Amino acid sequence: MENSVSSLLPVWACLASLLAVPLIVLFRKEIFLRELTTFVAGFVKLGLVVAMVPIILDGKVITTTLVAGVSGINVPIVFRVDGLGMIFAIVASFLWILTSLYAVGYMRGLKEHSQTRFFAFFALSLSATLGVAFAGNLLTLYLFYEMLSLSTYPLVTHHQDREARGGGRTYLSYLLGTSIAFAIPAILFTYLQSGGDLSFAGPAILAGSDMGYLTGAVLLMAFVFGFSKAGLMPFHSWLPGAMVAPTPVSALLHAVAVVKVGVFCVIRVVTGVFGLDLLGKLGANLVLCWVAAFTVILSSLIALSQDNLKRRLAFSTIGQLSYIVLGVALLHEMSVKGSVLHIAAHAVSKITLFFCAGAIFVATGKKYISQMAGLGKRMPFTMGAFFLGSLGVIGLPPSIGLISKFHLVVGAADAGQIALMVVFLISTFLNALYFLPISYQAFFPAKDAPGELAATQFSWSEIKEAPPACVIPLCITATLTIGLFFAPTLFLDLADLFVSSVK
Amino acid sequence: MIVTIISVIFILLGLLFFLGAAVGLIRFPDFYTRTHAAGKGDTLSSLLVILGFAVYQLKDFHGFSHDWPILLVILKLLAVSLFIFLTSPSSTHALMDAGWEDKVEPEIGKGRPNHLNDDCGKF
Amino acid sequence: MIFAFDIVILVFLVIAAIISLSVKDLLSASMIFGIYGFLICLLWAEMGAVDVAFTEASVGAGISAVLLVATVYNTKRKSSD
Amino acid sequence: MLSKVFATIAVVITGGILLYGVSDFPGFGDPHSPANAGVPGQASISQYFITESYGDTKVPNIVTSVLADYRGYDTMFETVVIFAAGMAIFAILRVVGDDSERKPRRKQESSFTNGDHSRIIIGTTCRLLVPVIQLFALYVIAHGHHSPGGGFQGGVILAASFIIIALAENLNSALKRLSETNYLKIACIGILIYAGFGVMCQVLESDFLDYGVLQPILMTDGPEMARSHSMLGVEIGVAFTVTAIMFAIYANLSSRGLLRDGL
Amino acid sequence: MKSWNKSKPAILMADQLPAILVLAPLFGAMIIGLAGTKDHKICFPITLASLLVTLVVAVAAAHQVFEHGPIDYFVGGWKEPIGIGIHLHIDSLNVLLLCAIAVVAVLVSFFSIRRIGDKNTEKTPHFYTLYLLLCVGLFGITIAGDAFNLFVLIEVSSLTSYGLIAMGSSKRGAFAAFNYVLMGTVGASFYLLGVGYLYLKTGTLNMVNIRDILSTQPEIAASRAVSIAFLFILVGIWIKMAFFPLYGWLPNAYSYCPSSSACLLAPLMTKVSVYVMIRVMVSVFGLEWVFASPGWSNLVVWLAVIAIVAGSVLAMAQREIKKMLCYLIVAEVGYMVGGAWLADEGLWGLTGALYHILADAAMTLCLFLAAGIFAKRFGAKKITELEGLFKEAPWTAVGFVVGALAMIGVPPTCGFFSKFYLIRGGIDAGHWEYVVALLLSSLINAVLFFRIFEIAYFGNKPAEGHAHAHDDEPAETALPSSEIPTWTGVFPLLVTAAIIILLGIFNGEIVAMIRVVLEDLPNLASRL
Amino acid sequence: MTFDHFSVGVGLALLILMLPAMWRMTIGPTALDRIVAVNVIGTKTAVLLVVIGVIFHRVEMFVDFALAYALLNFTGSLAAARFLHKTKTNKALLEEKGGTES
């Protein structure tokens, strides 16, 4: 019923970064070769991913079976690339190159230790991310999900000090804990309920099964909380905790890879495991809707009160992730499309913001928003990019954020959930409230602000832009934020493909 | 019949001595006297009882040719009594000796000079 | 009639067991444990389990008491509870 | 104190449960009980032993034929249990080589007591008795086919004779008769004898411990007598191990593993 | 019936496999006892040789079982009527365990080179004798087809393990062994009492026979004495396997004994006991009898739940690595007992328990080997003393991590799949509390092991001079690393790690083997 | 009344006569008293085994046990006596040592 093409492209795309790991370790003495490896792998990966785009746009689905059936469970390990996976893969592999460039600048700028380990695990986690993106069934998805949790742990605890270890501990205990406690039983239940079928291909796994409202709701929430990388509210606190990581990690992993894997999984669960019909029939989606709505509002409010820039960004991320979850949970065609688009939109804009935060830290060593007043004059590119990124996150024109948010809001209205539409609007307002003042103060500082800055040890006049390796990527992503507003065709097409396939 | 009567007499005599030994074990005032009663009385009485039963075995004895296993049994019974006769007094002696070394006070003869605490190693 | 033996021996057995457990002096306890062995041997013999009785006789009379005494000799003589 | 209360409760409960089950038992000595007559529809094992064992093995004592032949595998491992116990005690207690950290606590004694008279009395009794005991032990081992007894009991009695030597004189004079290296070897040889009989049957293309096939080697009248003779051999193996291990346990236990100045 | 009259075909080695399995280590032990005291150098080669023989035999037996069906061996040729002689039985229920025992024994024998005596290498031959006798006992337990024979071999394995535990020079080890002796004796006596009761009601000791009688004679099966027999056998085995309320002896016994003893005992003793329990349930009483009243099943599953939770929680409170692992064993025993008692229709719980026996043997061996290496080479016994040791000993770290991940239940390892089957059984049977307990324990394992990883990986201070920091005399002091060839520890560790992963990858095949015997059970689904 | 009845009576009498020894064993002021009582009961056991053999008409079988008892019964008391001797000498040794040191 669906055109499936067998191809090894997704496997190679996934392997591209995995194969880079031994090379990176091998070249640990030759810094140049090591970084070259990273870039080559990144471009190869992007190339492979892009090579798949025409096939997908053709309305086909790429399927590759890696292992015919895991012994004992008889579920194959399968790659299956569809529109949703494609969007995610493009975003992740493209941003990896930029992040690598940025990481080179950042790591050199701060003279970090253990850079080889850093790059190696970075490449490894990218493989896991693509594995999730291409996963063709629930088991494969879960395997790569756990692989991502484990391979990012050394990145989070990169500094190896007490704070990093504490953050790492929170990170792992939340991610592993919830996945063991909720995701595994949910998967097992699905496995038993469906009689051994976990595949995303075809109709949703549980579409035909008869289950009560309570079972459905509990199962759905077990899945959603189990994939706690999505950062839904009672299980969100790993994300601020993981901000102890170096900024490139925060940028890629906590704006793109890890958290997006979470929401990606939630989208897969809602569309692939339950199916929109079943959930709509049960009405179990409303529970998820309200949890997500609650998260959106509360995280925005918390973000308002944060002074540490990265923490503010983290809570903002939590809120934005819940947009995506909420969009999917609305079950409306429009809102699901909005969610899919928002994966890309939020990734591009949020990574810009993280890059900026890192660049500020590299250049000035400052972490707190209250110390950044007037910075715009010293670091015009960075703060300009920050402004554009903020626009993207808030969803103001002209940025890609507007398109996705538009879809979400319209979807909510169409689904008849006016209250949830209001949630979107309030939260947008709150977003503006916690992002715009940063840019405003940076360019138009209040009169007494420099006095406060003078108290710091840095000489104000010595501050310059961060090294070019830092600044160039953030400029590119900022440009993209705006550019995609004008040329969103690719993403729109892919999202359409996906939505029509699950409809 | 005579064999039975003889054996019964032996056994009853043995039981009588057993009774005496038991009474002595309870009633005598100190360790040494009790050991005396038990050691002497038990040895003799067990000898008598076993002898009685040995005699009783003779009632089925009609000739060497095919009743010799009975003689073997009697021999074994005699051996039992012989070994009791050997071991029981020597263990009594060992205990008595240990009591002496352990300086257990004798009750009887409190009025007489007590040699127990002299030098017990010089015998 | 042999039933009477049973009762008497079993009663004695219980008495011997309780005494050997309650005596504080471990030397006495191990010797009284010997009595327990004798009575068990009698019980087996009286029930007709002759091979077991013989085993109990040889072990109970020859070995077990001596091993217990040897152990007490190398540890404390007074029991602590 | 509390632990004693708990222990009492546990004992009472366990005993209660056991007694509760006892009420369900067949009567003592009931010839129709399952253990004696078998369950209807099943062959009775006891009846088989009673009627067939003499024909199978030519051993009048059923217990011996069951222990050494029908269930010879169990008996072999019971011997191994004893061996293992000895080895365990040896491994725990024995102080090998330099024992300077454990000072000799007791002076070397050459006689039973300080007094001569005791040495004479006890020593003479023991000297008289020990050969008799050893003879008796051999009788018990060899006579196991016809009356109660066998390797285990005989071995214990034999070990007791050595212990009596150690008690009447001292440990060293007993060890002179049965030294450490020897008793370890004897223990091993005993089990090797037992298992060797079994393996020999395997070599002669039969099952383990199927003594019947040993007939050509033992040169007996028939496989039944071969079984009977093999049982004797096996009992001797048991006796070897039991003697050695029992004495070894005593020697190690009484001297804290020093093998001198014991009890 | 005169057995020797039966015309036999020329007996092949293949028919003698069960006997050789126990005889090879037995002869090895005796030869060491005879000749090893003179020359300590021959001890290890003899041990290894006899264990390799058992390994080959076990594999051959596995081949035989899966090609031609179960192996029945009648010792002494006493075949008819069944039950007069002793019956050895190898089927798909136990043949994998046999292979596991052989593999573990071979691997640990490498680890035990030069590690046994520490101070007193004079006891080397005794160590190896006990070691081989323990293997004899374990093999014997596994192949026994006779309830009393099982008891005798339980005694063999228990006595040898007492010796192995107390062999170290520490006082705590001796005391722990003493506790173990007391508990173990009680357990063995309970088992014996149960067998006695059973014999009184059925008149036979042969497992097949008992099962026949219990399934064909309902009035016997319904009698009180049989129920009490089952209860006592069960409690006796529970003591042996350290099931929850009866686990008191285990942590001290396994943590204060020499490393090589711990490595041999921890993976095998409890697992073999679990096997005995399953064997008794399946082959002696029959599952339909055992699960006749659901109340008991529920009770045992709840006990298992408590065992899992308590074991995990107590493990969290430990500071010493080995102690922590010991409490984890308590939890794992809960997994297996609970799984075996789930009474779900497809018997997935029982399957999971049987598979987990193998998996847990591998995982426990791996972790204990790693802990042993850390203790021996670096003197690190407490968790905090592991600081920086992953860098000092990278290969050991790899092994430890693999074992730990398996314990947590990360997918490619066997730990994941055993949990999968157990949880499947739990869901099928509707025992949600068991499922929750399993997941909770996985979570706690994750916390425990990641705490260790964190310390061992990030600590910068290389561990030195930790060994003296104990209040009591240490069971074993760190030897200068030159004295121990490193490979003797690392080689078995890495092999074990590989086994863990292979067991996971090929779990489907293994479970298919395990289920061969379960499929044969008489129409269980309809009765439950 | 047959001889068997008589034998049973003798056996019971012997068992009853164990009671005083039991009593002594229970109260016995010193350990030695208890050991003597044990010795007495041991001797009686040997005799009782013969009696049981007579009752069962299998004296030839039971006499072996009695023989074993007769031969081995004194090891226990021997060991106990030896124990008391040794601990006493030990005490003396220790005292002697303590005396010379002080």
# chains A, B, ... in the order shown; residues from 1 in each chain; ligands from 1

$ interface_residues --of "chain A" --to "chain E" --cutoff "9 Å" --atoms "only C-alpha atoms" --output "list in words"
Val70, Ser71, Gly72, Ile73, Asn74, Leu143, Glu146, Gln160, Asp161, Arg165, Arg169, Leu172, Ser173, Leu176, Gly177, Thr178, Ile180, Ala181, Phe182, Ile184, Pro185, Leu188, Phe189 and Leu192 of chain A

$ write_last_selection --atoms "N, CA and C atoms" --output "PDB file, in the first residue's frame"
ATOM      1  N   VAL A  70      15.176  -9.875  15.841  1.00  0.00           N
ATOM      2  CA  VAL A  70      16.005 -10.047  17.022  1.00  0.00           C
ATOM      3  C   VAL A  70      15.615 -11.359  17.660  1.00  0.00           C
ATOM      4  N   SER A  71      16.621 -12.162  17.910  1.00  0.00           N
ATOM      5  CA  SER A  71      16.410 -13.501  18.442  1.00  0.00           C
ATOM      6  C   SER A  71      15.514 -13.454  19.658  1.00  0.00           C
ATOM      7  N   GLY A  72      14.529 -14.286  19.669  1.00  0.00           N
ATOM      8  CA  GLY A  72      13.678 -14.386  20.837  1.00  0.00           C
ATOM      9  C   GLY A  72      12.480 -13.464  20.801  1.00  0.00           C
ATOM     10  N   ILE A  73      12.643 -12.280  20.248  1.00  0.00           N
ATOM     11  CA  ILE A  73      11.518 -11.354  20.219  1.00  0.00           C
ATOM     12  C   ILE A  73      10.867 -11.371  18.851  1.00  0.00           C
ATOM     13  N   ASN A  74      11.707 -11.705  17.844  1.00  0.00           N
ATOM     14  CA  ASN A  74      11.210 -11.774  16.475  1.00  0.00           C
ATOM     15  C   ASN A  74      10.725 -10.439  15.946  1.00  0.00           C
ATOM     16  N   LEU A 143      16.117   1.182  20.979  1.00  0.00           N
ATOM     17  CA  LEU A 143      17.549   0.877  21.045  1.00  0.00           C
ATOM     18  C   LEU A 143      18.376   2.134  20.825  1.00  0.00           C
ATOM     19  N   GLU A 146      18.152   4.673  23.711  1.00  0.00           N
ATOM     20  CA  GLU A 146      19.025   4.401  24.854  1.00  0.00           C
ATOM     21  C   GLU A 146      20.482   4.662  24.506  1.00  0.00           C
ATOM     22  N   GLN A 160      33.861  17.234  34.295  1.00  0.00           N
ATOM     23  CA  GLN A 160      34.333  16.291  35.315  1.00  0.00           C
ATOM     24  C   GLN A 160      34.462  16.891  36.706  1.00  0.00           C
ATOM     25  N   ASP A 161      33.878  18.025  36.917  1.00  0.00           N
ATOM     26  CA  ASP A 161      33.932  18.543  38.288  1.00  0.00           C
ATOM     27  C   ASP A 161      32.651  18.130  39.008  1.00  0.00           C
ATOM     28  N   ARG A 165      29.323  16.333  37.438  1.00  0.00           N
ATOM     29  CA  ARG A 165      28.919  14.983  37.812  1.00  0.00           C
ATOM     30  C   ARG A 165      27.506  14.973  38.348  1.00  0.00           C
ATOM     31  N   ARG A 169      24.519  13.028  36.705  1.00  0.00           N
ATOM     32  CA  ARG A 169      23.745  12.062  37.464  1.00  0.00           C
ATOM     33  C   ARG A 169      22.249  12.296  37.251  1.00  0.00           C
ATOM     34  N   LEU A 172      21.293  11.223  33.615  1.00  0.00           N
ATOM     35  CA  LEU A 172      21.133   9.792  33.362  1.00  0.00           C
ATOM     36  C   LEU A 172      19.983   9.215  34.164  1.00  0.00           C
ATOM     37  N   SER A 173      19.867   9.657  35.420  1.00  0.00           N
ATOM     38  CA  SER A 173      18.838   9.006  36.219  1.00  0.00           C
ATOM     39  C   SER A 173      17.455   9.348  35.665  1.00  0.00           C
ATOM     40  N   LEU A 176      17.420   7.457  31.822  1.00  0.00           N
ATOM     41  CA  LEU A 176      17.391   5.996  31.905  1.00  0.00           C
ATOM     42  C   LEU A 176      16.242   5.540  32.785  1.00  0.00           C
ATOM     43  N   GLY A 177      16.075   6.253  33.890  1.00  0.00           N
ATOM     44  CA  GLY A 177      15.055   5.850  34.843  1.00  0.00           C
ATOM     45  C   GLY A 177      13.684   5.823  34.210  1.00  0.00           C
ATOM     46  N   THR A 178      13.324   6.920  33.559  1.00  0.00           N
ATOM     47  CA  THR A 178      11.983   6.941  32.987  1.00  0.00           C
ATOM     48  C   THR A 178      11.863   5.929  31.865  1.00  0.00           C
ATOM     49  N   ILE A 180      13.348   3.081  31.613  1.00  0.00           N
ATOM     50  CA  ILE A 180      13.171   1.731  32.153  1.00  0.00           C
ATOM     51  C   ILE A 180      11.805   1.609  32.811  1.00  0.00           C
ATOM     52  N   ALA A 181      11.442   2.646  33.546  1.00  0.00           N
ATOM     53  CA  ALA A 181      10.234   2.510  34.349  1.00  0.00           C
ATOM     54  C   ALA A 181       8.972   2.609  33.504  1.00  0.00           C
ATOM     55  N   PHE A 182       8.988   3.441  32.465  1.00  0.00           N
ATOM     56  CA  PHE A 182       7.742   3.644  31.730  1.00  0.00           C
ATOM     57  C   PHE A 182       7.799   3.109  30.306  1.00  0.00           C
ATOM     58  N   ILE A 184       9.805   0.848  28.732  1.00  0.00           N
ATOM     59  CA  ILE A 184       9.902  -0.600  28.496  1.00  0.00           C
ATOM     60  C   ILE A 184       8.568  -1.282  28.747  1.00  0.00           C
ATOM     61  N   PRO A 185       7.925  -1.043  29.890  1.00  0.00           N
ATOM     62  CA  PRO A 185       6.639  -1.706  30.056  1.00  0.00           C
ATOM     63  C   PRO A 185       5.639  -1.330  28.976  1.00  0.00           C
ATOM     64  N   LEU A 188       6.505  -3.257  25.961  1.00  0.00           N
ATOM     65  CA  LEU A 188       6.138  -4.662  26.149  1.00  0.00           C
ATOM     66  C   LEU A 188       4.645  -4.855  26.039  1.00  0.00           C
ATOM     67  N   PHE A 189       3.923  -3.921  26.632  1.00  0.00           N
ATOM     68  CA  PHE A 189       2.468  -4.038  26.589  1.00  0.00           C
ATOM     69  C   PHE A 189       1.992  -3.956  25.142  1.00  0.00           C
ATOM     70  N   LEU A 192       2.747  -7.183  23.431  1.00  0.00           N
ATOM     71  CA  LEU A 192       1.821  -8.277  23.741  1.00  0.00           C
ATOM     72  C   LEU A 192       0.447  -8.010  23.160  1.00  0.00           C
TER      73      LEU A 192
END

$ interface_residues --of "chain F" --to "chain D" --cutoff "9 Å" --atoms "only C-alpha atoms" --output "list in words"
Glu60, Met61, Phe62, Asp64, Phe65, Leu67, Ala68, Leu71, Leu72, Thr75, Leu78, Ala79, Arg82, Phe83, His85, Lys86, Thr87, Thr89, Asn90 and Leu93 of chain F

$ closest_residue --among "D:Met87, D:Asp74, D:Ile121, D:Met225" --to "chain B" --atoms "only C-alpha atoms"
D:Ile121

$ residues_around --residues "Ala35 in chain D" --least-positions-apart "3" --cutoff "7 Å" --atoms "only C-alpha atoms" --output "ChimeraX atom specification"
/D:38,46 /E:199-203

$ closest_atom_pairs --of "chain E" --to "chain D" --cutoff "6 Å" --atoms "only C-alpha atoms" --output "JSON lines"
{"residue": "E:Ile11", "atom": "CA", "partner": "D:Glu205", "partner_atom": "CA", "distance": 5.4}
{"residue": "E:Met30", "atom": "CA", "partner": "D:Cys188", "partner_atom": "CA", "distance": 5.2}
{"residue": "E:Leu34", "atom": "CA", "partner": "D:Lys185", "partner_atom": "CA", "distance": 5.3}
{"residue": "E:Val75", "atom": "CA", "partner": "D:Phe208", "partner_atom": "CA", "distance": 5.5}
{"residue": "E:Gly76", "atom": "CA", "partner": "D:Asp210", "partner_atom": "CA", "distance": 3.8}
{"residue": "E:Gly77", "atom": "CA", "partner": "D:Asp210", "partner_atom": "CA", "distance": 5.7}
{"residue": "E:Ile84", "atom": "CA", "partner": "D:Ile45", "partner_atom": "CA", "distance": 5.9}
{"residue": "E:Gly85", "atom": "CA", "partner": "D:Tyr70", "partner_atom": "CA", "distance": 4.8}
{"residue": "E:Asn149", "atom": "CA", "partner": "D:Asp74", "partner_atom": "CA", "distance": 5.7}
{"residue": "E:Val156", "atom": "CA", "partner": "D:Val81", "partner_atom": "CA", "distance": 4.9}
{"residue": "E:Leu159", "atom": "CA", "partner": "D:Ala85", "partner_atom": "CA", "distance": 5.8}
{"residue": "E:Thr160", "atom": "CA", "partner": "D:Ala84", "partner_atom": "CA", "distance": 5.7}
{"residue": "E:Gly163", "atom": "CA", "partner": "D:Ala88", "partner_atom": "CA", "distance": 4.0}
{"residue": "E:Ala166", "atom": "CA", "partner": "D:Ile92", "partner_atom": "CA", "distance": 5.9}
{"residue": "E:Met167", "atom": "CA", "partner": "D:Ile92", "partner_atom": "CA", "distance": 5.4}
{"residue": "E:Leu200", "atom": "CA", "partner": "D:Ala35", "partner_atom": "CA", "distance": 5.4}
{"residue": "E:Lys201", "atom": "CA", "partner": "D:Pro34", "partner_atom": "CA", "distance": 5.8}
{"residue": "E:Thr202", "atom": "CA", "partner": "D:Pro34", "partner_atom": "CA", "distance": 5.5}
{"residue": "E:Gly203", "atom": "CA", "partner": "D:Ala35", "partner_atom": "CA", "distance": 3.7}
{"residue": "E:Arg224", "atom": "CA", "partner": "D:Gly21", "partner_atom": "CA", "distance": 5.7}
{"residue": "E:Ala225", "atom": "CA", "partner": "D:Gly21", "partner_atom": "CA", "distance": 4.5}

$ write_last_selection --atoms "all heavy atoms" --output "tab-separated table (two decimals), in the first residue's frame"
chain	number	residue	atom	x	y	z
E	11	ILE	N	28.84	-50.50	24.02
E	11	ILE	CA	28.55	-49.21	24.65
E	11	ILE	C	29.51	-48.16	24.14
E	11	ILE	O	30.72	-48.33	24.16
E	11	ILE	CB	28.63	-49.35	26.17
E	11	ILE	CG1	27.48	-50.23	26.61
E	11	ILE	CG2	28.56	-48.01	26.82
E	11	ILE	CD1	27.31	-50.31	28.07
E	30	MET	N	40.85	-36.27	43.35
E	30	MET	CA	41.59	-37.30	44.08
E	30	MET	C	43.06	-37.31	43.66
E	30	MET	O	43.95	-37.50	44.49
E	30	MET	CB	40.97	-38.68	43.81
E	30	MET	CG	39.61	-38.82	44.39
E	30	MET	SD	39.59	-38.35	46.12
E	30	MET	CE	38.15	-37.36	46.18
E	34	LEU	N	46.24	-36.82	46.02
E	34	LEU	CA	47.33	-37.78	46.16
E	34	LEU	C	48.67	-37.15	45.84
E	34	LEU	O	49.64	-37.29	46.59
E	34	LEU	CB	47.11	-38.95	45.20
E	34	LEU	CG	46.27	-40.12	45.70
E	34	LEU	CD1	46.18	-41.16	44.62
E	34	LEU	CD2	46.90	-40.70	46.94
E	75	VAL	N	22.44	-45.86	36.92
E	75	VAL	CA	23.71	-46.26	37.53
E	75	VAL	C	23.60	-47.70	37.96
E	75	VAL	O	22.60	-48.12	38.54
E	75	VAL	CB	24.04	-45.37	38.73
E	75	VAL	CG1	25.36	-45.77	39.31
E	75	VAL	CG2	24.05	-43.93	38.32
E	76	GLY	N	24.64	-48.47	37.67
E	76	GLY	CA	24.64	-49.87	38.03
E	76	GLY	C	23.74	-50.71	37.16
E	76	GLY	O	23.55	-51.89	37.43
E	77	GLY	N	23.19	-50.11	36.14
E	77	GLY	CA	22.34	-50.88	35.23
E	77	GLY	C	21.00	-51.25	35.82
E	77	GLY	O	20.27	-52.04	35.23
E	84	ILE	N	14.63	-48.56	41.62
E	84	ILE	CA	15.47	-49.34	42.53
E	84	ILE	C	16.90	-48.84	42.49
E	84	ILE	O	17.60	-48.87	43.49
E	84	ILE	CB	15.45	-50.86	42.22
E	84	ILE	CG1	15.79	-51.11	40.77
E	84	ILE	CG2	14.17	-51.49	42.62
E	84	ILE	CD1	16.20	-52.53	40.54
E	85	GLY	N	17.31	-48.43	41.31
E	85	GLY	CA	18.66	-47.89	41.23
E	85	GLY	C	18.57	-46.38	41.18
E	85	GLY	O	17.54	-45.80	41.51
E	149	ASN	N	19.30	-38.72	46.00
E	149	ASN	CA	20.61	-38.47	45.41
E	149	ASN	C	20.88	-36.97	45.33
E	149	ASN	O	22.00	-36.49	45.59
E	149	ASN	CB	20.65	-39.10	44.02
E	149	ASN	CG	22.00	-38.98	43.38
E	149	ASN	OD1	22.12	-38.41	42.32
E	149	ASN	ND2	23.01	-39.48	44.03
E	156	VAL	N	27.38	-32.49	49.25
E	156	VAL	CA	28.75	-32.38	48.70
E	156	VAL	C	29.04	-30.92	48.37
E	156	VAL	O	30.06	-30.36	48.80
E	156	VAL	CB	28.90	-33.25	47.44
E	156	VAL	CG1	30.24	-32.98	46.79
E	156	VAL	CG2	28.79	-34.71	47.78
E	159	LEU	N	29.24	-28.66	51.66
E	159	LEU	CA	30.43	-28.81	52.49
E	159	LEU	C	31.65	-28.21	51.81
E	159	LEU	O	32.46	-27.53	52.45
E	159	LEU	CB	30.67	-30.28	52.79
E	159	LEU	CG	29.81	-30.80	53.93
E	159	LEU	CD1	29.82	-32.30	53.97
E	159	LEU	CD2	30.34	-30.25	55.23
E	160	THR	N	31.77	-28.46	50.51
E	160	THR	CA	32.92	-27.88	49.84
E	160	THR	C	32.84	-26.36	49.84
E	160	THR	O	33.86	-25.68	50.00
E	160	THR	CB	33.00	-28.38	48.40
E	160	THR	OG1	31.73	-28.32	47.82
E	160	THR	CG2	33.50	-29.79	48.36
E	163	GLY	N	34.07	-24.90	53.04
E	163	GLY	CA	35.53	-24.88	53.07
E	163	GLY	C	36.08	-23.75	52.22
E	163	GLY	O	36.98	-23.02	52.63
E	166	ALA	N	35.64	-20.37	53.91
E	166	ALA	CA	36.43	-20.09	55.10
E	166	ALA	C	37.92	-20.12	54.84
E	166	ALA	O	38.71	-19.90	55.74
E	166	ALA	CB	36.09	-21.12	56.19
E	167	MET	N	38.32	-20.37	53.58
E	167	MET	CA	39.75	-20.56	53.33
E	167	MET	C	40.58	-19.30	53.47
E	167	MET	O	41.78	-19.38	53.70
E	167	MET	CB	39.96	-21.14	51.94
E	167	MET	CG	40.11	-22.63	51.98
E	167	MET	SD	40.71	-23.26	50.46
E	167	MET	CE	42.45	-23.31	50.77
E	200	LEU	N	7.35	-41.54	52.36
E	200	LEU	CA	6.36	-42.28	53.13
E	200	LEU	C	5.03	-42.37	52.39
E	200	LEU	O	4.30	-43.34	52.53
E	200	LEU	CB	6.15	-41.58	54.47
E	200	LEU	CG	6.96	-42.19	55.58
E	200	LEU	CD1	6.94	-41.30	56.79
E	200	LEU	CD2	6.42	-43.55	55.94
E	201	LYS	N	4.71	-41.33	51.64
E	201	LYS	CA	3.43	-41.37	50.95
E	201	LYS	C	3.49	-42.06	49.60
E	201	LYS	O	2.48	-42.54	49.11
E	201	LYS	CB	2.88	-39.95	50.76
E	201	LYS	CG	2.47	-39.25	52.02
E	201	LYS	CD	1.51	-40.06	52.86
E	201	LYS	CE	0.09	-40.02	52.31
E	201	LYS	NZ	-0.85	-40.70	53.25
E	202	THR	N	4.66	-42.05	48.97
E	202	THR	CA	4.72	-42.59	47.61
E	202	THR	C	5.52	-43.87	47.51
E	202	THR	O	5.36	-44.60	46.55
E	202	THR	CB	5.33	-41.57	46.65
E	202	THR	OG1	6.64	-41.27	47.10
E	202	THR	CG2	4.52	-40.31	46.59
E	203	GLY	N	6.40	-44.10	48.46
E	203	GLY	CA	7.16	-45.33	48.42
E	203	GLY	C	8.25	-45.35	47.37
E	203	GLY	O	8.74	-46.41	47.00
E	224	ARG	N	-2.21	-34.35	53.08
E	224	ARG	CA	-1.50	-33.29	53.79
E	224	ARG	C	0.01	-33.50	53.76
E	224	ARG	O	0.79	-32.59	53.59
E	224	ARG	CB	-1.96	-33.27	55.24
E	224	ARG	CG	-2.91	-32.19	55.57
E	224	ARG	CD	-3.35	-32.33	56.99
E	224	ARG	NE	-4.10	-33.57	57.17
E	224	ARG	CZ	-4.51	-34.01	58.34
E	224	ARG	NH1	-4.23	-33.35	59.42
E	224	ARG	NH2	-5.18	-35.13	58.44
E	225	ALA	N	0.40	-34.76	53.94
E	225	ALA	CA	1.83	-35.05	54.05
E	225	ALA	C	2.56	-34.62	52.79
E	225	ALA	O	3.67	-34.09	52.85
E	225	ALA	CB	2.04	-36.54	54.30

$ atom_distance --atom1 "CA of Leu268 in chain E" --atom2 "CA of Tyr162 in chain E"
14.1 Å

$ residues_around --residues "range 65-75 of chain B" --least-positions-apart "4" --cutoff "7 Å" --atoms "only C-alpha atoms" --output "list in words"
Ala54, Gln57, Phe61 and Ala79 of chain B; Glu60 of chain F

$ residues_around --residues "Asn74 in chain C" --least-positions-apart "5" --cutoff "8 Å" --atoms "only C-alpha atoms" --output "number ranges by chain"
D: 253-256

$ select_by_dssp --residues "range 68-223 of chain E" --states "helix (DSSP H, G or I)" --output "count of residues only"
107
